[in-house]
Amino acid sequence: MSTSNRSQSKKAICFDVNQTLIHQGLHFEQAFRSVWDDYYARSIRDSFPQSEELWSKYQLHWQQHKKNKTVRMQLDDLQQMCLHDALKELEVPVHQQFTRDFFQLVRKSRLAAKSMAPGVEDTLKSLAPRFKLAIISNSPRSEVIHLLHRFGLNDYFPDERIFTAHQASEKKPHIPLFKTAIKTLNVSPRQMVMVGNSWKHDVCGATKAGLDAVWIQSGTAAKKISQQKLGKRNVYCIQHLDQLLELF
């Protein structure tokens, strides 16, 4: 299919946020250990475990809880439970709200370390006059809006074009967010394309909803755009966001 034909068949382009428009900058483990190191440094107790030991215990409890298929929990609740169990095992006395406060600091630390991916602003500026641009993200809505405003991208994505989940069953790769976007943007599934870095969430979710998808594979050696089929839908593989301008 030629570039012109691809452009003519699409009316809306939806983007994931993290690792697509915005780079993480700080991995979860790095933020976790940094927050604990800061707390440890301010503590007067010499018996507190260092971050490596606490992280190891946390990971152990995380794996144990994840294996328990009979108990389904929200991510925040599961993280807090695993940290609580790790601290209890290490005999670290903390106040009742400590685990909640701890992960709030972890999230703030990760948010502060984020940066805009190369080529984002020029790519969106070129696409905006020709397509409806939207966000489909599993991240909390408040975080998405904060990031768009922080990096000056909010003009490309009005609030009514930001689609985030209210509950876990709506998150990608499930199709409710895609269906909501299709209806709100007033397009057919074939007139919309999903752009993201996650094969499971962005690509598989989009194609299941009847959309074509663009998969960003950062760090791969390939430089050219490749194309494959997933079911009846097209999946285009790119390495950099500005390659969207070659597709559309």
# chains A, B, ... in the order shown; residues from 1 in each chain; ligands from 1
>>> residues_around(residues="A:Tyr39", least_positions_apart="6", cutoff="10 Å", atoms="only C-alpha atoms", output="JSON, numbers by chain")
{"A": [33, 48, 51, 102]}
>>> write_last_selection(atoms="all heavy atoms", output="PDB file, in the first residue's frame")
ATOM      1  N   ARG A  33      14.463   2.220  44.992  1.00  0.00           N
ATOM      2  CA  ARG A  33      15.656   2.197  45.818  1.00  0.00           C
ATOM      3  C   ARG A  33      16.111   3.596  46.207  1.00  0.00           C
ATOM      4  O   ARG A  33      16.611   3.824  47.314  1.00  0.00           O
ATOM      5  CB  ARG A  33      16.769   1.428  45.095  1.00  0.00           C
ATOM      6  CG  ARG A  33      16.420  -0.052  44.922  1.00  0.00           C
ATOM      7  CD  ARG A  33      17.447  -0.832  44.142  1.00  0.00           C
ATOM      8  NE  ARG A  33      18.735  -0.881  44.813  1.00  0.00           N
ATOM      9  CZ  ARG A  33      19.686  -1.765  44.547  1.00  0.00           C
ATOM     10  NH1 ARG A  33      19.473  -2.692  43.623  1.00  0.00           N
ATOM     11  NH2 ARG A  33      20.832  -1.742  45.181  1.00  0.00           N
ATOM     12  N   PHE A  48      18.106  -0.422  60.064  1.00  0.00           N
ATOM     13  CA  PHE A  48      17.267  -0.448  58.864  1.00  0.00           C
ATOM     14  C   PHE A  48      17.995  -1.153  57.716  1.00  0.00           C
ATOM     15  O   PHE A  48      19.199  -0.965  57.526  1.00  0.00           O
ATOM     16  CB  PHE A  48      16.912   0.971  58.429  1.00  0.00           C
ATOM     17  CG  PHE A  48      15.659   1.488  59.091  1.00  0.00           C
ATOM     18  CD1 PHE A  48      15.116   0.874  60.207  1.00  0.00           C
ATOM     19  CD2 PHE A  48      15.008   2.604  58.593  1.00  0.00           C
ATOM     20  CE1 PHE A  48      13.971   1.355  60.814  1.00  0.00           C
ATOM     21  CE2 PHE A  48      13.865   3.100  59.190  1.00  0.00           C
ATOM     22  CZ  PHE A  48      13.341   2.474  60.309  1.00  0.00           C
ATOM     23  N   SER A  51      18.712  -0.521  50.616  1.00  0.00           N
ATOM     24  CA  SER A  51      17.730  -0.634  49.526  1.00  0.00           C
ATOM     25  C   SER A  51      17.820  -1.960  48.782  1.00  0.00           C
ATOM     26  O   SER A  51      16.806  -2.505  48.345  1.00  0.00           O
ATOM     27  CB  SER A  51      17.906   0.518  48.533  1.00  0.00           C
ATOM     28  OG  SER A  51      19.199   0.506  47.959  1.00  0.00           O
ATOM     29  N   PHE A 102       5.039   6.072  50.425  1.00  0.00           N
ATOM     30  CA  PHE A 102       6.269   5.628  49.766  1.00  0.00           C
ATOM     31  C   PHE A 102       6.084   5.575  48.257  1.00  0.00           C
ATOM     32  O   PHE A 102       6.905   6.106  47.490  1.00  0.00           O
ATOM     33  CB  PHE A 102       6.672   4.249  50.302  1.00  0.00           C
ATOM     34  CG  PHE A 102       7.941   3.701  49.711  1.00  0.00           C
ATOM     35  CD1 PHE A 102       9.165   3.973  50.296  1.00  0.00           C
ATOM     36  CD2 PHE A 102       7.909   2.901  48.578  1.00  0.00           C
ATOM     37  CE1 PHE A 102      10.340   3.469  49.764  1.00  0.00           C
ATOM     38  CE2 PHE A 102       9.074   2.390  48.029  1.00  0.00           C
ATOM     39  CZ  PHE A 102      10.290   2.670  48.622  1.00  0.00           C
TER      40      PHE A 102
END
>>> select_by_dssp(residues="stretch 32-217 of chain A", states="strand (DSSP E)", output="PyMOL selection string")
chain A and resi 115-116+132-137+162-164+192-196+212-216
>>> write_last_selection(atoms="C-alpha atoms", output="mmCIF file, in the first residue's frame")
data_model
loop_
_atom_site.group_PDB
_atom_site.id
_atom_site.type_symbol
_atom_site.label_atom_id
_atom_site.label_comp_id
_atom_site.auth_asym_id
_atom_site.auth_seq_id
_atom_site.Cartn_x
_atom_site.Cartn_y
_atom_site.Cartn_z
ATOM 1 C CA SER A 115 11.626 13.418 28.979
ATOM 2 C CA MET A 116 9.990 13.941 25.609
ATOM 3 C CA LYS A 132 -7.583 13.866 14.626
ATOM 4 C CA LEU A 133 -4.914 13.136 17.245
ATOM 5 C CA ALA A 134 -5.829 11.324 20.467
ATOM 6 C CA ILE A 135 -4.359 9.515 23.472
ATOM 7 C CA ILE A 136 -5.232 5.966 24.551
ATOM 8 C CA SER A 137 -3.310 5.203 27.737
ATOM 9 C CA ILE A 162 -7.735 11.650 26.043
ATOM 10 C CA PHE A 163 -8.985 8.122 26.733
ATOM 11 C CA THR A 164 -7.957 6.460 30.010
ATOM 12 C CA MET A 192 -8.085 4.945 12.991
ATOM 13 C CA VAL A 193 -4.557 3.743 13.777
ATOM 14 C CA MET A 194 -2.889 3.087 17.149
ATOM 15 C CA VAL A 195 0.746 4.052 17.785
ATOM 16 C CA GLY A 196 2.595 2.564 20.755
ATOM 17 C CA ASP A 212 -4.227 -0.991 12.149
ATOM 18 C CA ALA A 213 -1.265 -0.358 14.449
ATOM 19 C CA VAL A 214 2.189 1.181 14.422
ATOM 20 C CA TRP A 215 4.680 -0.544 16.713
ATOM 21 C CA ILE A 216 7.645 1.534 17.905
#
>>> select_by_dssp(residues="stretch 17-146 of chain A", states="alpha helix (DSSP H)", output="VMD selection string")
chain A and resid 28 to 42 51 to 67 75 to 89 98 to 112 120 to 127 141 to 146
>>> residues_around(residues="A:Gln79", least_positions_apart="4", cutoff="12 Å", atoms="only C-alpha atoms", output="ChimeraX atom specification")
/A:28,32,55,58-63,65-66,73-75,83-86,99-104,106
>>> residues_around(residues="A:Leu87", least_positions_apart="6", cutoff="9 Å", atoms="only C-alpha atoms", output="ChimeraX atom specification")
/A:54,57-58,93-94
>>> closest_residue(among="A:His240, A:Arg161, A:Lys114, A:Arg42", to="A:His27", atoms="only C-alpha atoms")
A:Lys114
>>> closest_residue(among="A:Lys88, A:Lys108, A:Lys179, A:Arg233", to="A:Leu147", atoms="only C-alpha atoms")
A:Lys108
>>> closest_residue(among="A:Thr207, A:His201, A:Tyr156, A:Arg150", to="A:Arg130", atoms="only C-alpha atoms")
A:Tyr156
>>> atom_distance(atom1="atom CA of A:Gln239", atom2="atom CA of A:Lys223")
6.8 Å
>>> residues_around(residues="A:Ala128", least_positions_apart="3", cutoff="12 Å", atoms="only C-alpha atoms", output="PyMOL selection string")
chain A and resi 11-14+120-125+131-134+153+155-158+245+248
>>> write_last_selection(atoms="N, CA, C and O atoms", output="short mmCIF file (atom, residue, chain, number, x, y, z; two decimals), in the first residue's frame")
data_model
loop_
_atom_site.label_atom_id
_atom_site.label_comp_id
_atom_site.auth_asym_id
_atom_site.auth_seq_id
_atom_site.Cartn_x
_atom_site.Cartn_y
_atom_site.Cartn_z
N LYS A 11 -8.26 8.76 9.34
CA LYS A 11 -8.74 10.06 9.79
C LYS A 11 -8.28 10.40 11.21
O LYS A 11 -8.34 11.55 11.61
N ALA A 12 -7.86 9.37 11.97
CA ALA A 12 -7.47 9.60 13.36
C ALA A 12 -6.25 8.75 13.71
O ALA A 12 -6.14 7.59 13.28
N ILE A 13 -5.34 9.34 14.47
CA ILE A 13 -4.16 8.62 14.96
C ILE A 13 -4.14 8.73 16.48
O ILE A 13 -4.16 9.84 17.04
N CYS A 14 -4.10 7.58 17.15
CA CYS A 14 -4.09 7.54 18.61
C CYS A 14 -2.71 7.11 19.10
O CYS A 14 -2.08 6.23 18.51
N VAL A 120 9.06 14.27 18.64
CA VAL A 120 7.63 14.26 18.95
C VAL A 120 6.93 15.53 18.49
O VAL A 120 5.91 15.48 17.78
N GLU A 121 7.46 16.68 18.87
CA GLU A 121 6.76 17.94 18.59
C GLU A 121 6.64 18.20 17.09
O GLU A 121 5.57 18.57 16.59
N ASP A 122 7.71 17.97 16.33
CA ASP A 122 7.67 18.20 14.89
C ASP A 122 6.71 17.22 14.21
O ASP A 122 5.99 17.59 13.27
N THR A 123 6.69 15.98 14.70
CA THR A 123 5.80 14.97 14.11
C THR A 123 4.34 15.32 14.35
O THR A 123 3.51 15.28 13.43
N LEU A 124 4.01 15.67 15.59
CA LEU A 124 2.62 16.03 15.90
C LEU A 124 2.20 17.30 15.16
O LEU A 124 1.06 17.39 14.69
N LYS A 125 3.10 18.25 15.04
CA LYS A 125 2.79 19.50 14.34
C LYS A 125 2.45 19.23 12.89
O LYS A 125 1.57 19.88 12.30
N PHE A 131 -5.05 15.02 10.63
CA PHE A 131 -5.66 13.92 11.37
C PHE A 131 -6.19 14.40 12.72
O PHE A 131 -5.68 15.36 13.28
N LYS A 132 -7.19 13.69 13.23
CA LYS A 132 -7.58 13.87 14.63
C LYS A 132 -6.57 13.10 15.47
O LYS A 132 -6.39 11.89 15.28
N LEU A 133 -5.90 13.78 16.38
CA LEU A 133 -4.91 13.14 17.25
C LEU A 133 -5.52 12.88 18.62
O LEU A 133 -6.23 13.73 19.16
N ALA A 134 -5.23 11.70 19.18
CA ALA A 134 -5.83 11.32 20.47
C ALA A 134 -4.84 10.50 21.27
O ALA A 134 -3.83 10.02 20.76
N LEU A 153 2.35 19.61 25.03
CA LEU A 153 1.68 18.83 23.99
C LEU A 153 0.16 18.88 24.11
O LEU A 153 -0.55 18.25 23.32
N ASP A 155 -2.07 21.08 23.46
CA ASP A 155 -2.85 21.66 22.36
C ASP A 155 -3.16 20.63 21.28
O ASP A 155 -4.14 20.78 20.54
N TYR A 156 -2.33 19.60 21.18
CA TYR A 156 -2.57 18.55 20.18
C TYR A 156 -3.63 17.54 20.65
O TYR A 156 -4.21 16.83 19.83
N PHE A 157 -3.85 17.49 21.96
CA PHE A 157 -4.74 16.48 22.53
C PHE A 157 -5.75 17.13 23.49
O PHE A 157 -5.50 17.19 24.69
N PRO A 158 -6.87 17.64 22.97
CA PRO A 158 -7.91 18.19 23.85
C PRO A 158 -8.39 17.14 24.84
O PRO A 158 -8.26 15.92 24.60
N LEU A 245 5.80 10.13 9.61
CA LEU A 245 5.62 11.04 8.49
C LEU A 245 5.88 10.36 7.15
O LEU A 245 5.42 10.82 6.11
N PHE A 248 2.33 8.33 6.99
CA PHE A 248 1.11 9.13 6.84
C PHE A 248 1.46 10.56 6.45
O PHE A 248 1.21 11.48 7.19
#
>>> closest_residue(among="A:Ser47, A:Gln64, A:Ala112, A:His23", to="A:Val92", atoms="only C-alpha atoms")
A:Ser47
>>> residues_around(residues="A:His174", least_positions_apart="2", cutoff="12 Å", atoms="only C-alpha atoms", output="number ranges by chain")
A: 136-138, 165, 167-172, 176-180, 200-209
